[in-house]
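Since the structure comes first, as structure tokens, the remarks are kept for the end.
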Amino acid sequence: MSDDVLVVKDLQAGYGKKHVVFDVDLHLRPGEIVTIIGHNGAGKTTALKTIFGMLPALGGTITYSGEDVTSSNCRHNALLGMSYIPAERFVFSDLNVLDNLRLGATHVPSAEERDRLKKRVYEMFPLLFERSAQLAGTMSGGQQRMLSLGIALMSNPTMLLLDEPSLGLAPALVAEIFDNVRRLADEEGLSVLLVEQNVGQALRIADRAYVLRSGRLILEETAEVMRRRKDYWDLF
Amino acid sequence: MEIQITYLNSVLIFTIFALSLNLLLGYAGQVSVAHAAFGAIGGYTVGYLYLEHDVGLLPGLVVGVLLSALAGLIVGLPALRLSTEFLILLTLATQTIILTLVTTNSSLGGTYGLQGLTGLSVFGDELILPSDFLPYLFALAVIVYLIVRRFGESPYGRVLRGIREDEVVCRSLGKNVFVYKLTVFSVTAAIAGLAGVLLAAQTQLASPSLFSFDQSTAIIAMVILGGSGNLLGSVLGATLLVLLTPFFQNVLSFAPEKSSLWRLIAYGAVLVVVMLVRPQGLLPEGTNLGTLGRRLIRRRTSVADDAMALALPGQAIVNATTTQGDPDGDAHALTELAHHGGLPATEGGDWNKDEVVLSVVGLTKRFGGITAAEDLKMELRRGRITALVGPNGAGKTTVFNLLTGAIRPDAGQITLHGKDITGFRPDQVANEGMARSFQDVRVFPRLSVLENVMIALQGQVGEHTSGLFLRPKATAQSERATRDRAMEWLSFVGMDSFAEYQAGALAFGQQKLVALARVLATDAEVVLLDEPASGIDQQWVEVMLGLIELLRDQGRTICIVEHNLHVVGRLADHTYFMELGRITAQGSFEELTNESRLAEAYFGTA
């Protein structure tokens, strides 16, 4: 569809000689949360990194807001409005919350704009305002995840790429983080591509789901239909 | 004429230095910057014994070489567990310490060294002119070449190169890496000591400048320039760099001081340029005059090769889909079946009635506050595939590491064929009959595909110094048998047409098949496969599964860790479910997938 914020066709991805993702098609509409699920090693993170431009695509096309970004690197894609939060090491541990947020707005041109974005983050996450002078590395896992969302928001993105945000978090915190992600999609119109191992939580907030197995897409389904399943053993 | 012979003598002496360093650095991958210092031990010993105690050249030489060997052993011991950066630091310290000792010791002549080493004689022959030294130096150079070549171009050398490429994998294939490293350190130090003796005798003095760090650097440059892992290359490198001196002095007419300065600059420049432009050196590993035409294929250079690389090995598909296996394997398969009392039932049959091959009780491992494995109890039964599944961080890889001795358990017992192997080293575990593959494959990239499999075979005569030097016929016979057997395993996985390819040039899926052949070649009865289906496309997964099922039908005991549950469902006769270091469920895959609690643990709750 022409109003899709992201269209990926026939994606081939991998690491040098190791071809890990084969013939993947997916698309993302504005304000939609789409989750990619599948077993460990299925190629979910590889696909995400390739879409963001951290890895060169081995084949296929990636189109972002109508522009061909297949051979773009992540710096270019970040300027176009993509924001990526990795599964690990997603905050600058040695810097305080405020500096972390400032780094997220590196390419925002004006100081007023940066201030506005910062205020918006503090409104959404009051906890970050309270702890703005605290070193990120001393915060709990859940708080760091929250900070990572804040950093992503500071670049005023149109699409968020999240890699396993539930990793290492207690179930209650996972729910809270995911609720925040849903809020971002609903209130700010952010499109979200969410890679997750925690199928239950991901399907709670997602609109659609893609299932990868051994590098290939084996299923595309609405989250509603997926939620009605008894279990997911046959997909993993 | 005598001046030219002096240079020739120098070439011969530095050839001996370079050959020995090549064995240590080029073949075994141990980066040492102390080579000249070991030479110092030899040179100073001869000088001291001759000048102070009137000891002749030959006995002095013997003592010098033995002392160098001892020094090599002493340096080798702490070096056993060091990574490359720290090994460089250790050998740098060694070079500095030895040189400082001789420089500050007045009885060793201090900064000027022991001078006036004249009147040396050998077998009554007085060594005065350079041409007197020449025949002995030539003979020794040839002898050293033959010895080093025997070490390097042999089953023993293959293990050294395996250690260079991947020590951990080498251990997991049953090689006692420590013994190899100590031997190589000691032997190469001894040869360096010999070269030091010859250098001191020829120069008629033993001084710190003769055995300095600059000298060690020069020898490294000779090895790298000539070709790391190529012995003819070391001869070439030594020749070229030694002849720089007459080049600077006679051709460019530099004064001696200017010449030695420029020589030093040249060594550094050679090292940098070679590493950037042609790291394999002038004569790459594996080339000699005879094989210049048929070198190991380094990279795919044509489209045809690319297509071949990505295509599935035809024979592998045949093997994987035939219950009998390939014609050559039939005999082996039948023997195995006869031994194990018939084909085990592939579906059903009572898992509990099969013989327990590996038994684990109370296995526990903690890393600080984290319990990676808690009180594990598991069994692997003959002719069955057992699977370990569980969410991320459940401890599956830890189990493999504990079973193979890569890490020591805090508590518990591991019993293989009724023998307690708890606390065994990885190479000992492999010798007892349990071997593993690695999730990231880890073939030895600079070895050929065939060598990758040959190295895994057990009981090779030529892998031990005694067999290598004292039983040449048995070694040759054993090598032929090893080659044949390795080719059989390559045929089994369908990679035999790639035998001469460098393993690092293969596609990932092909490397995975080679790694499978490698672990099977250990003839280990218990095979632990770490994510055999990961990182490859569907068709390759099918081939892999077919081969594993064939192995199970042949009576092997197999355990797999897999995240692809479709693969587990297809292969596993019995499954253990792990969560946070504990086994929380076991049974057939069907039984486990019917339990909603496990589904919650694996997929998370809504």
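Labels used: A, B, ... for chains in the order of the structure tokens, numbers from 1 for residues in each chain, and numbers from 1 for ligands as shown.
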
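Contact shell of region 574-579 of chain B at 7 Å (only C-alpha atoms; same-chain neighbours under 3 positions omitted): B:Ile385, B:Thr386, B:Ala387, B:Leu388, B:Val389, B:Gly390, B:Pro391, B:Ala394, B:Arg582, B:Ile583, B:Thr584, B:Ala585, B:Gln586, B:Gly587, B:Ser588, B:Phe589.
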
The selected residues should be written to file as a JSON list (two decimals), in the first residue's frame (atoms: N, CA and C atoms).
[["chain", "number", "residue", "atom", "x", "y", "z"],
["B", 385, "ILE", "N", 18.19, -39.97, 20.10],
["B", 385, "ILE", "CA", 18.47, -38.55, 20.05],
["B", 385, "ILE", "C", 17.75, -37.88, 21.20],
["B", 386, "THR", "N", 18.52, -37.23, 22.07],
["B", 386, "THR", "CA", 17.94, -36.50, 23.19],
["B", 386, "THR", "C", 18.07, -35.02, 22.91],
["B", 387, "ALA", "N", 17.02, -34.26, 23.20],
["B", 387, "ALA", "CA", 17.06, -32.83, 22.93],
["B", 387, "ALA", "C", 17.00, -32.04, 24.22],
["B", 388, "LEU", "N", 17.69, -30.90, 24.22],
["B", 388, "LEU", "CA", 17.62, -29.97, 25.34],
["B", 388, "LEU", "C", 16.94, -28.72, 24.81],
["B", 389, "VAL", "N", 15.78, -28.38, 25.37],
["B", 389, "VAL", "CA", 15.12, -27.15, 24.95],
["B", 389, "VAL", "C", 14.85, -26.27, 26.17],
["B", 390, "GLY", "N", 14.57, -25.02, 25.89],
["B", 390, "GLY", "CA", 14.25, -24.11, 26.98],
["B", 390, "GLY", "C", 14.41, -22.69, 26.49],
["B", 391, "PRO", "N", 13.78, -21.75, 27.20],
["B", 391, "PRO", "CA", 13.91, -20.35, 26.79],
["B", 391, "PRO", "C", 15.35, -19.86, 26.93],
["B", 394, "ALA", "N", 18.34, -20.50, 29.76],
["B", 394, "ALA", "CA", 17.92, -21.63, 30.59],
["B", 394, "ALA", "C", 19.10, -22.46, 31.06],
["B", 582, "ARG", "N", 17.41, -25.26, 35.68],
["B", 582, "ARG", "CA", 16.86, -26.50, 36.18],
["B", 582, "ARG", "C", 16.13, -27.26, 35.08],
["B", 583, "ILE", "N", 16.12, -28.58, 35.22],
["B", 583, "ILE", "CA", 15.30, -29.38, 34.32],
["B", 583, "ILE", "C", 13.92, -29.47, 34.96],
["B", 584, "THR", "N", 12.95, -28.85, 34.31],
["B", 584, "THR", "CA", 11.64, -28.81, 34.94],
["B", 584, "THR", "C", 10.64, -29.79, 34.32],
["B", 585, "ALA", "N", 11.04, -30.41, 33.21],
["B", 585, "ALA", "CA", 10.15, -31.40, 32.61],
["B", 585, "ALA", "C", 10.95, -32.27, 31.66],
["B", 586, "GLN", "N", 10.47, -33.48, 31.44],
["B", 586, "GLN", "CA", 11.10, -34.34, 30.43],
["B", 586, "GLN", "C", 10.06, -35.31, 29.89],
["B", 587, "GLY", "N", 10.35, -35.80, 28.71],
["B", 587, "GLY", "CA", 9.42, -36.74, 28.10],
["B", 587, "GLY", "C", 9.51, -36.63, 26.59],
["B", 588, "SER", "N", 8.52, -37.16, 25.92],
["B", 588, "SER", "CA", 8.51, -37.01, 24.47],
["B", 588, "SER", "C", 8.11, -35.58, 24.15],
["B", 589, "PHE", "N", 8.44, -35.13, 22.97],
["B", 589, "PHE", "CA", 8.15, -33.74, 22.60],
["B", 589, "PHE", "C", 6.65, -33.47, 22.66]]

Q: Up to 6 Å from chain A, what residues of chain B turn up? Count only C-alpha atoms and give them as JSON, numbers by chain.
A: {"B": [507, 508, 535, 563, 564, 565, 603, 604, 605, 606]}

Just C-alpha atoms for this one: save the residues we selected as a PDB file, in the first residue's frame.
ATOM      1  CA  ALA B 507      29.820 -21.148   2.573  1.00  0.00           C
ATOM      2  CA  PHE B 508      28.394 -21.431   6.084  1.00  0.00           C
ATOM      3  CA  GLY B 535      21.973 -20.400  10.295  1.00  0.00           C
ATOM      4  CA  HIS B 563      15.786 -23.555  19.284  1.00  0.00           C
ATOM      5  CA  ASN B 564      13.970 -24.601  16.137  1.00  0.00           C
ATOM      6  CA  LEU B 565      11.220 -26.697  17.716  1.00  0.00           C
ATOM      7  CA  PHE B 603       6.302 -18.001  25.150  1.00  0.00           C
ATOM      8  CA  GLY B 604       5.595 -15.665  28.057  1.00  0.00           C
ATOM      9  CA  THR B 605       2.206 -14.772  29.424  1.00  0.00           C
ATOM     10  CA  ALA B 606      -0.251 -12.248  27.990  1.00  0.00           C
TER      11      ALA B 606
END

Q.
Set the distance at 10 Å and use only C-alpha atoms: which residues neighbour Val453 (chain B) once local chain neighbours fewer than 5 positions away are removed? I'd like the list as a VMD selection string.
A. chain B and resid 443 to 444 447 to 448 482 to 483 485 to 490 499 514 to 522

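Closest approach to Val179 (chain B) among B:Val526, B:Ile3, B:Val159, B:Ile548: B:Val159, based on only C-alpha atoms.
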
Q: Give the helix (DSSP H, G or I) residues of region 27-170 of chain B, as assigned by DSSP on the backbone, as number ranges by chain.
A: B: 27, 35-53, 57-79, 84-104, 106-108, 110-112, 130-152, 155-165, 167-170

Which residues are close to region 65-78 of chain B, i.e. within 6 Å by only C-alpha atoms, leaving aside same-chain residues fewer than 6 positions away? Reply as a PDB file with C-alpha atoms, in the first residue's frame.
ATOM      1  CA  PHE B  38      67.092 -17.834  23.385  1.00  0.00           C
ATOM      2  CA  ILE B  41      71.520 -18.318  26.045  1.00  0.00           C
ATOM      3  CA  GLY B  42      73.271 -20.548  23.528  1.00  0.00           C
ATOM      4  CA  LEU B 182      55.344 -26.904  25.737  1.00  0.00           C
ATOM      5  CA  PHE B 185      58.333 -23.799  22.854  1.00  0.00           C
ATOM      6  CA  SER B 186      61.114 -25.993  24.117  1.00  0.00           C
ATOM      7  CA  ALA B 189      64.082 -22.381  21.859  1.00  0.00           C
ATOM      8  CA  ALA B 190      66.682 -25.145  21.638  1.00  0.00           C
ATOM      9  CA  GLY B 193      70.037 -21.631  21.135  1.00  0.00           C
ATOM     10  CA  LEU B 194      71.929 -23.604  18.501  1.00  0.00           C
TER      11      LEU B 194
END
